[in-house]
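Structure first, then comments.
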Amino acid sequence: MRTFLKWAGNKQRMVERIAALLPPGIRLIEPFVGSGALFLNTDYPAYLLADSNGDLINLYTRLQAEGLAFIDFCRGFFVAQNNTPDAFYGLRTTFNETDDSRLKSALFLYLNRHGYNGLCRYNASGGFNVPFGRYKKPYFPQTEMEAFWRKSQAARFCHADFATTMQHTRPGDVIYCDPPYVPLSATAHFTSYSAGGFGFDQQIALAAQAREAASRGVPVLISNHATPAMEEAYAGARIERFQVQRYISADGDNRGTAAELLALFEYAPIS
Ligand SMILES: C[S@@+](CC[C@H](N)C(=O)[O-])C[C@H]1O[C@@H](n2cnc3c(N)ncnc32)[C@H](O)[C@@H]1O
């Protein structure tokens with residue numbers, strides 16, 4: 001199943017590799033759900049899907065509750081007259097100013113498919129500021145939204161920071177963490193998915209929380225770039241390395257292949 005949003009760091013092409021390492025469990029928890037590639041391509045009895053991007057979680061909650069009626073509403077924005085710079089910037093302003101959460105969620109999807117490179121970026125005051133994407137005919141993901149809606153009946157969505165999500169886990173849960181990538185070089189700036197960004201200290205805090213959850217009997221799998229600093233941060237975990245093709249990056253450069261890793265933290269009581 002394919003994701004209906006374009007998303008930086010989307011794991012669509014890696015789901016089989018990730019799923020093969022995930023232990024069985026009653027509930028899969030994704031503290032960094034993004035476009036939900038893993039959720040869509042695994043078969044756990046229940047899911048807790050969280051992200052710090054509130055617009056993303058509101059869109060999922062709306063789709064889950066309304067299904068086909070909401071999909072129809074969203075399709076109404078995918079018309080030729082909305083595929084011009086003027087229309088795009090007008091709808092972007094509406095998105096940033098409206099208090100109507102149904103409209104805001106539909107426009108989030110419109111902006112995702114009509115904006116530059118499918119990026120999601122906000123200015124310091126929280127306004128969505130991605131420029132027009134100049135696509136010939138943006139694709140409306142009808143089938144993908146329907147599939148997401150059906151599968152979402154087994155899910156609970158949560159707008160939360162990863163630290164909160166990870167604390168609310170118990171044996172029977174399995175956690176998959178896909179944080180914003182650590183930069184490949186010291187000069188590369190961090191990918192900014194929402195106001196605030198994700199710094200190296202948060203990467204370290206996540207590794208510590210993974211160790212803590214594993215000590216309570218909750219296995220945690222983390223994906224990231226295979227840099228020496230992250231390999232050190234994940235010491236004690238079972239680490240698998242591989243190469244992947246990259247298509248989206250925050251600033252449009254850095255495409256090509258990059259070394260990735262998957263780190264699995266399994267039950268090990270902290271002594
Ligand atoms: C690499 S993307 C996840 C991609 C996802 N696995 C997919 O297949 O689309 C990272 C996600 O982490 C979210 N994020 C960034 N900082 C966060 C934080 N402190 N807590 C929770 N989520 C965060 C971003 O909004 C983004 O959706």
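Residues in the structure tokens are numbered from 1 in each chain, the chains being A, B, ... in the order shown, and ligands are numbered from 1 in the order shown.
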Taking only C-alpha atoms and all ligand atoms into account, list the residues no farther than 9 Å from ligand 1, as a PyMOL selection string. chain A and resi 3+5-12+14-15+30-39+50-54+56+120+159-165+176-181+191-198+202+223-224
Preceding selection exported with N, CA and C atoms as a compact mmCIF listing (two decimals), in the first residue's frame:
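Output file part-v5.txt follows:
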```txt
# COMPACT_ATOMS: atom_id res chain seq x y z
N THR A 3 1.59 5.44 0.47
CA THR A 3 1.15 6.56 1.30
C THR A 3 0.42 7.58 0.44
N LEU A 5 0.39 10.88 1.17
CA LEU A 5 1.13 12.15 1.25
C LEU A 5 2.54 11.93 0.73
N LYS A 6 3.11 12.99 0.14
CA LYS A 6 4.54 12.98 -0.15
C LYS A 6 5.20 13.40 1.16
N TRP A 7 6.26 12.75 1.53
CA TRP A 7 6.85 13.10 2.84
C TRP A 7 8.35 12.90 2.84
N ALA A 8 9.10 13.91 3.28
CA ALA A 8 10.56 13.77 3.38
C ALA A 8 10.86 12.62 4.34
N GLY A 9 11.70 11.72 3.91
CA GLY A 9 12.06 10.59 4.78
C GLY A 9 11.07 9.44 4.71
N ASN A 10 10.12 9.52 3.75
CA ASN A 10 9.14 8.43 3.55
C ASN A 10 9.87 7.09 3.40
N LYS A 11 9.40 6.07 4.13
CA LYS A 11 10.10 4.79 4.12
C LYS A 11 9.46 3.76 3.19
N GLN A 12 8.64 4.22 2.22
CA GLN A 12 7.95 3.31 1.30
C GLN A 12 8.89 2.25 0.70
N MET A 14 11.54 1.04 1.82
CA MET A 14 12.31 0.23 2.79
C MET A 14 11.41 -0.59 3.70
N VAL A 15 10.09 -0.60 3.43
CA VAL A 15 9.19 -1.21 4.40
C VAL A 15 9.48 -2.70 4.63
N GLU A 30 4.25 4.19 16.43
CA GLU A 30 5.16 5.01 15.63
C GLU A 30 5.15 6.43 16.19
N PRO A 31 6.18 6.81 16.96
CA PRO A 31 6.22 8.18 17.51
C PRO A 31 6.51 9.24 16.45
N PHE A 32 7.01 8.82 15.26
CA PHE A 32 7.33 9.76 14.16
C PHE A 32 6.62 9.24 12.91
N VAL A 33 5.30 9.27 12.90
CA VAL A 33 4.59 8.50 11.86
C VAL A 33 4.74 9.08 10.45
N GLY A 34 4.90 10.41 10.30
CA GLY A 34 5.04 10.98 8.95
C GLY A 34 3.91 10.52 8.06
N SER A 35 4.25 10.02 6.87
CA SER A 35 3.20 9.59 5.93
C SER A 35 2.72 8.16 6.22
N GLY A 36 3.33 7.49 7.19
CA GLY A 36 2.80 6.20 7.65
C GLY A 36 3.09 5.00 6.76
N ALA A 37 4.23 5.01 6.08
CA ALA A 37 4.54 3.90 5.16
C ALA A 37 4.57 2.55 5.89
N LEU A 38 5.12 2.53 7.08
CA LEU A 38 5.22 1.25 7.79
C LEU A 38 3.86 0.79 8.30
N PHE A 39 3.11 1.72 8.85
CA PHE A 39 1.74 1.43 9.31
C PHE A 39 0.93 0.76 8.19
N ALA A 50 1.79 8.62 16.15
CA ALA A 50 1.96 9.96 16.70
C ALA A 50 2.98 10.76 15.89
N ASP A 51 2.88 12.07 16.01
CA ASP A 51 3.82 12.96 15.33
C ASP A 51 3.70 14.33 16.00
N SER A 52 4.78 15.11 15.94
CA SER A 52 4.73 16.45 16.53
C SER A 52 4.08 17.45 15.57
N ASN A 53 3.80 17.03 14.34
CA ASN A 53 3.13 17.93 13.39
C ASN A 53 1.60 17.81 13.56
N GLY A 54 1.02 18.84 14.17
CA GLY A 54 -0.41 18.81 14.46
C GLY A 54 -1.28 18.82 13.22
N LEU A 56 -0.66 17.38 10.40
CA LEU A 56 -0.64 16.01 9.88
C LEU A 56 -1.62 15.13 10.67
N CYS A 120 7.24 20.03 3.63
CA CYS A 120 6.40 20.56 4.69
C CYS A 120 7.31 21.42 5.56
N HIS A 159 -1.20 13.72 18.64
CA HIS A 159 -0.29 14.83 18.37
C HIS A 159 0.60 14.98 19.59
N ALA A 160 1.83 14.49 19.50
CA ALA A 160 2.70 14.50 20.68
C ALA A 160 4.16 14.47 20.28
N ASP A 161 4.98 14.93 21.19
CA ASP A 161 6.42 14.80 21.05
C ASP A 161 6.80 13.33 21.31
N PHE A 162 7.87 12.87 20.68
CA PHE A 162 8.23 11.45 20.81
C PHE A 162 8.43 11.03 22.27
N ALA A 163 8.94 11.96 23.09
CA ALA A 163 9.25 11.60 24.48
C ALA A 163 7.97 11.18 25.21
N THR A 164 6.88 11.88 24.97
CA THR A 164 5.60 11.55 25.61
C THR A 164 5.09 10.22 25.08
N THR A 165 5.13 10.03 23.77
CA THR A 165 4.62 8.78 23.18
C THR A 165 5.38 7.59 23.74
N TYR A 176 8.44 1.55 16.50
CA TYR A 176 9.32 1.86 15.36
C TYR A 176 9.53 3.37 15.32
N CYS A 177 10.78 3.80 15.45
CA CYS A 177 11.10 5.23 15.45
C CYS A 177 11.81 5.63 14.18
N ASP A 178 11.25 6.61 13.50
CA ASP A 178 11.86 7.13 12.28
C ASP A 178 12.05 8.64 12.45
N PRO A 179 13.03 9.04 13.27
CA PRO A 179 13.23 10.48 13.53
C PRO A 179 13.76 11.18 12.29
N PRO A 180 13.68 12.53 12.25
CA PRO A 180 14.37 13.26 11.18
C PRO A 180 15.83 12.81 11.16
N TYR A 181 16.36 12.65 9.96
CA TYR A 181 17.72 12.15 9.82
C TYR A 181 18.73 13.06 10.49
N THR A 191 17.23 18.62 8.82
CA THR A 191 15.95 18.67 8.13
C THR A 191 14.92 19.22 9.10
N SER A 192 14.20 20.26 8.69
CA SER A 192 13.21 20.85 9.59
C SER A 192 11.80 20.48 9.15
N TYR A 193 11.15 19.61 9.87
CA TYR A 193 9.82 19.13 9.49
C TYR A 193 8.74 20.02 10.08
N SER A 194 9.02 20.63 11.21
CA SER A 194 8.04 21.50 11.83
C SER A 194 8.84 22.50 12.64
N ALA A 195 8.19 23.62 13.03
CA ALA A 195 8.93 24.64 13.77
C ALA A 195 9.66 23.96 14.93
N GLY A 196 10.92 24.24 15.08
CA GLY A 196 11.65 23.63 16.20
C GLY A 196 12.79 22.75 15.74
N GLY A 197 12.56 22.00 14.63
CA GLY A 197 13.62 21.12 14.14
C GLY A 197 13.92 19.98 15.12
N PHE A 198 14.98 19.26 14.87
CA PHE A 198 15.32 18.08 15.68
C PHE A 198 16.83 18.03 15.78
N GLN A 202 18.42 15.70 20.77
CA GLN A 202 17.18 14.90 20.72
C GLN A 202 17.46 13.49 20.19
N SER A 223 15.43 3.90 12.79
CA SER A 223 16.16 4.05 11.53
C SER A 223 16.84 5.42 11.50
N ASN A 224 17.98 5.48 10.81
CA ASN A 224 18.71 6.75 10.71
C ASN A 224 19.82 6.59 9.67
```
If we count only C-alpha atoms, what is near Lys137 of chain A at a cut-off of 9 Å, once residues fewer than 3 positions away on the same chain are taken out, given as a list in words?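 Neighbouring residues, sequence-local ones excluded: Phe78, Val79, Ala80, Asn83, His114 and Arg134 of chain A.
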I need the chosen residues saved as a PDB file, in the first residue's frame, with N, CA and C atoms.
```pdb
ATOM      1  N   PHE A  78      -8.516  19.814  -6.146  1.00  0.00           N
ATOM      2  CA  PHE A  78      -7.584  19.362  -7.194  1.00  0.00           C
ATOM      3  C   PHE A  78      -8.176  19.635  -8.576  1.00  0.00           C
ATOM      4  N   VAL A  79      -8.322  20.921  -8.901  1.00  0.00           N
ATOM      5  CA  VAL A  79      -8.860  21.312 -10.209  1.00  0.00           C
ATOM      6  C   VAL A  79      -7.843  22.237 -10.877  1.00  0.00           C
ATOM      7  N   ALA A  80      -7.919  22.308 -12.215  1.00  0.00           N
ATOM      8  CA  ALA A  80      -6.905  23.050 -12.979  1.00  0.00           C
ATOM      9  C   ALA A  80      -6.789  24.503 -12.505  1.00  0.00           C
ATOM     10  N   ASN A  83      -4.301  25.174  -9.882  1.00  0.00           N
ATOM     11  CA  ASN A  83      -2.903  24.830 -10.144  1.00  0.00           C
ATOM     12  C   ASN A  83      -2.156  25.986 -10.813  1.00  0.00           C
ATOM     13  N   HIS A 114       0.646  20.204  -4.292  1.00  0.00           N
ATOM     14  CA  HIS A 114       0.885  21.311  -5.229  1.00  0.00           C
ATOM     15  C   HIS A 114       2.135  22.116  -4.877  1.00  0.00           C
ATOM     16  N   ARG A 134       4.734  23.907  -9.289  1.00  0.00           N
ATOM     17  CA  ARG A 134       4.722  23.856 -10.766  1.00  0.00           C
ATOM     18  C   ARG A 134       4.646  22.443 -11.310  1.00  0.00           C
TER      19      ARG A 134
END
```
When you count only C-alpha atoms, which of these residues is closest to Glu260 of chain A: A:Gly236, A:Pro138, A:Pro183, A:Gly217? A:Pro183
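The coordinates place atom CA of Pro24 of chain A at 8.8 Å from atom CA of Asp173 of chain A.
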Go through A:Arg92, A:Leu107, A:Ile29, A:Pro45 and flag the residue nearest Arg170 of chain A, using only C-alpha atoms for the distances.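 Checking each of A:Arg92, A:Leu107, A:Ile29, A:Pro45 against Arg170 of chain A, counting only C-alpha atoms, the winner is A:Ile29.
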Would you please extract all strand (DSSP E) residues from segment 81-235 of chain A, as assigned by DSSP on the backbone, and give them as a list in words?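 Reading the DSSP output for segment 81-235 of chain A, strand (DSSP E) covers Ala155, Arg156, Phe157, Cys158, His159, Asp173, Val174, Ile175, Tyr176, Cys177, Val220, Leu221, Ile222, Ser223, Asn224 and His225 of chain A.
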Do a neighbour search on segment 64-75 of chain A at 12 Å with only C-alpha atoms, toss out local chain neighbours closer than 3 positions, and write the hits as JSON, numbers by chain. {"A": [4, 57, 58, 59, 60, 61, 78, 79, 80, 82, 101, 102, 103, 104, 105, 106, 107, 108, 109, 110, 111, 112, 113, 138, 139, 140, 141, 142, 143, 144, 145, 146, 147, 148, 149, 150, 151, 152, 153, 154, 155, 156, 157]}
Distance of atom CA of Ala20 of chain A from atom CA of Ala207 of chain A, expressed in Å to one decimal place: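 Computed distance, atom CA of Ala207 of chain A to atom CA of Ala20 of chain A, equals 20.9 Å.
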Who sits within 7 Å of segment 21-23 of chain A, only C-alpha atoms, same chain under 2 positions skipped, as a PDB file with C-alpha atoms, in the first residue's frame:
```pdb
ATOM      1  CA  ARG A  17      13.493  -4.456   5.259  1.00  0.00           C
ATOM      2  CA  ILE A  18      12.097  -2.659   8.322  1.00  0.00           C
ATOM      3  CA  ALA A  19       9.158  -5.049   8.789  1.00  0.00           C
ATOM      4  CA  GLY A  25       3.416  -7.651  19.205  1.00  0.00           C
ATOM      5  CA  VAL A 174       6.549  -2.692  19.618  1.00  0.00           C
ATOM      6  CA  LEU A 221      13.610  -0.267  16.212  1.00  0.00           C
TER       7      LEU A 221
END
```
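Nearest residue to Gln167 of chain A among A:Asn123, A:Gln209, A:Asn129, A:Asn41 is A:Gln209, counting only C-alpha atoms.
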I need the residues in segment 1-244 of chain A that are helix (DSSP H, G or I) according to DSSP; give them as a ChimeraX atom specification. /A:12-21,37-40,54-66,68-75,80-82,85-97,101-114,116-118,142-154,162-167,200-215,228-233
Figure out the distance between atom CA of Glu212 of chain A and atom CA of Ala233 of chain A, please, to one decimal in Å.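 Interatomic distance here is 13.7 Å.
Once Gln243 of chain A and its same-chain neighbours fewer than 6 positions away are set aside, Thr257, Ala258, Ala259 and Glu260 of chain A remain within 8 Å of it when counting only C-alpha atoms.
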Let me see the file: selected residues, N, CA, C and O atoms, as a CSV table (one decimal), in the first residue's frame.
```
chain,number,residue,atom,x,y,z
A,257,THR,N,22.9,8.1,-3.3
A,257,THR,CA,22.7,7.0,-2.3
A,257,THR,C,23.3,7.5,-0.9
A,257,THR,O,24.2,8.3,-0.9
A,258,ALA,N,22.7,6.9,0.1
A,258,ALA,CA,23.3,7.2,1.5
A,258,ALA,C,23.2,5.9,2.3
A,258,ALA,O,22.3,5.1,2.1
A,259,ALA,N,24.1,5.8,3.2
A,259,ALA,CA,24.2,4.6,4.0
A,259,ALA,C,23.1,4.8,5.2
A,259,ALA,O,23.1,5.9,5.8
A,260,GLU,N,22.3,3.8,5.4
A,260,GLU,CA,21.3,3.9,6.4
A,260,GLU,C,21.6,2.8,7.4
A,260,GLU,O,22.2,1.8,7.1
```
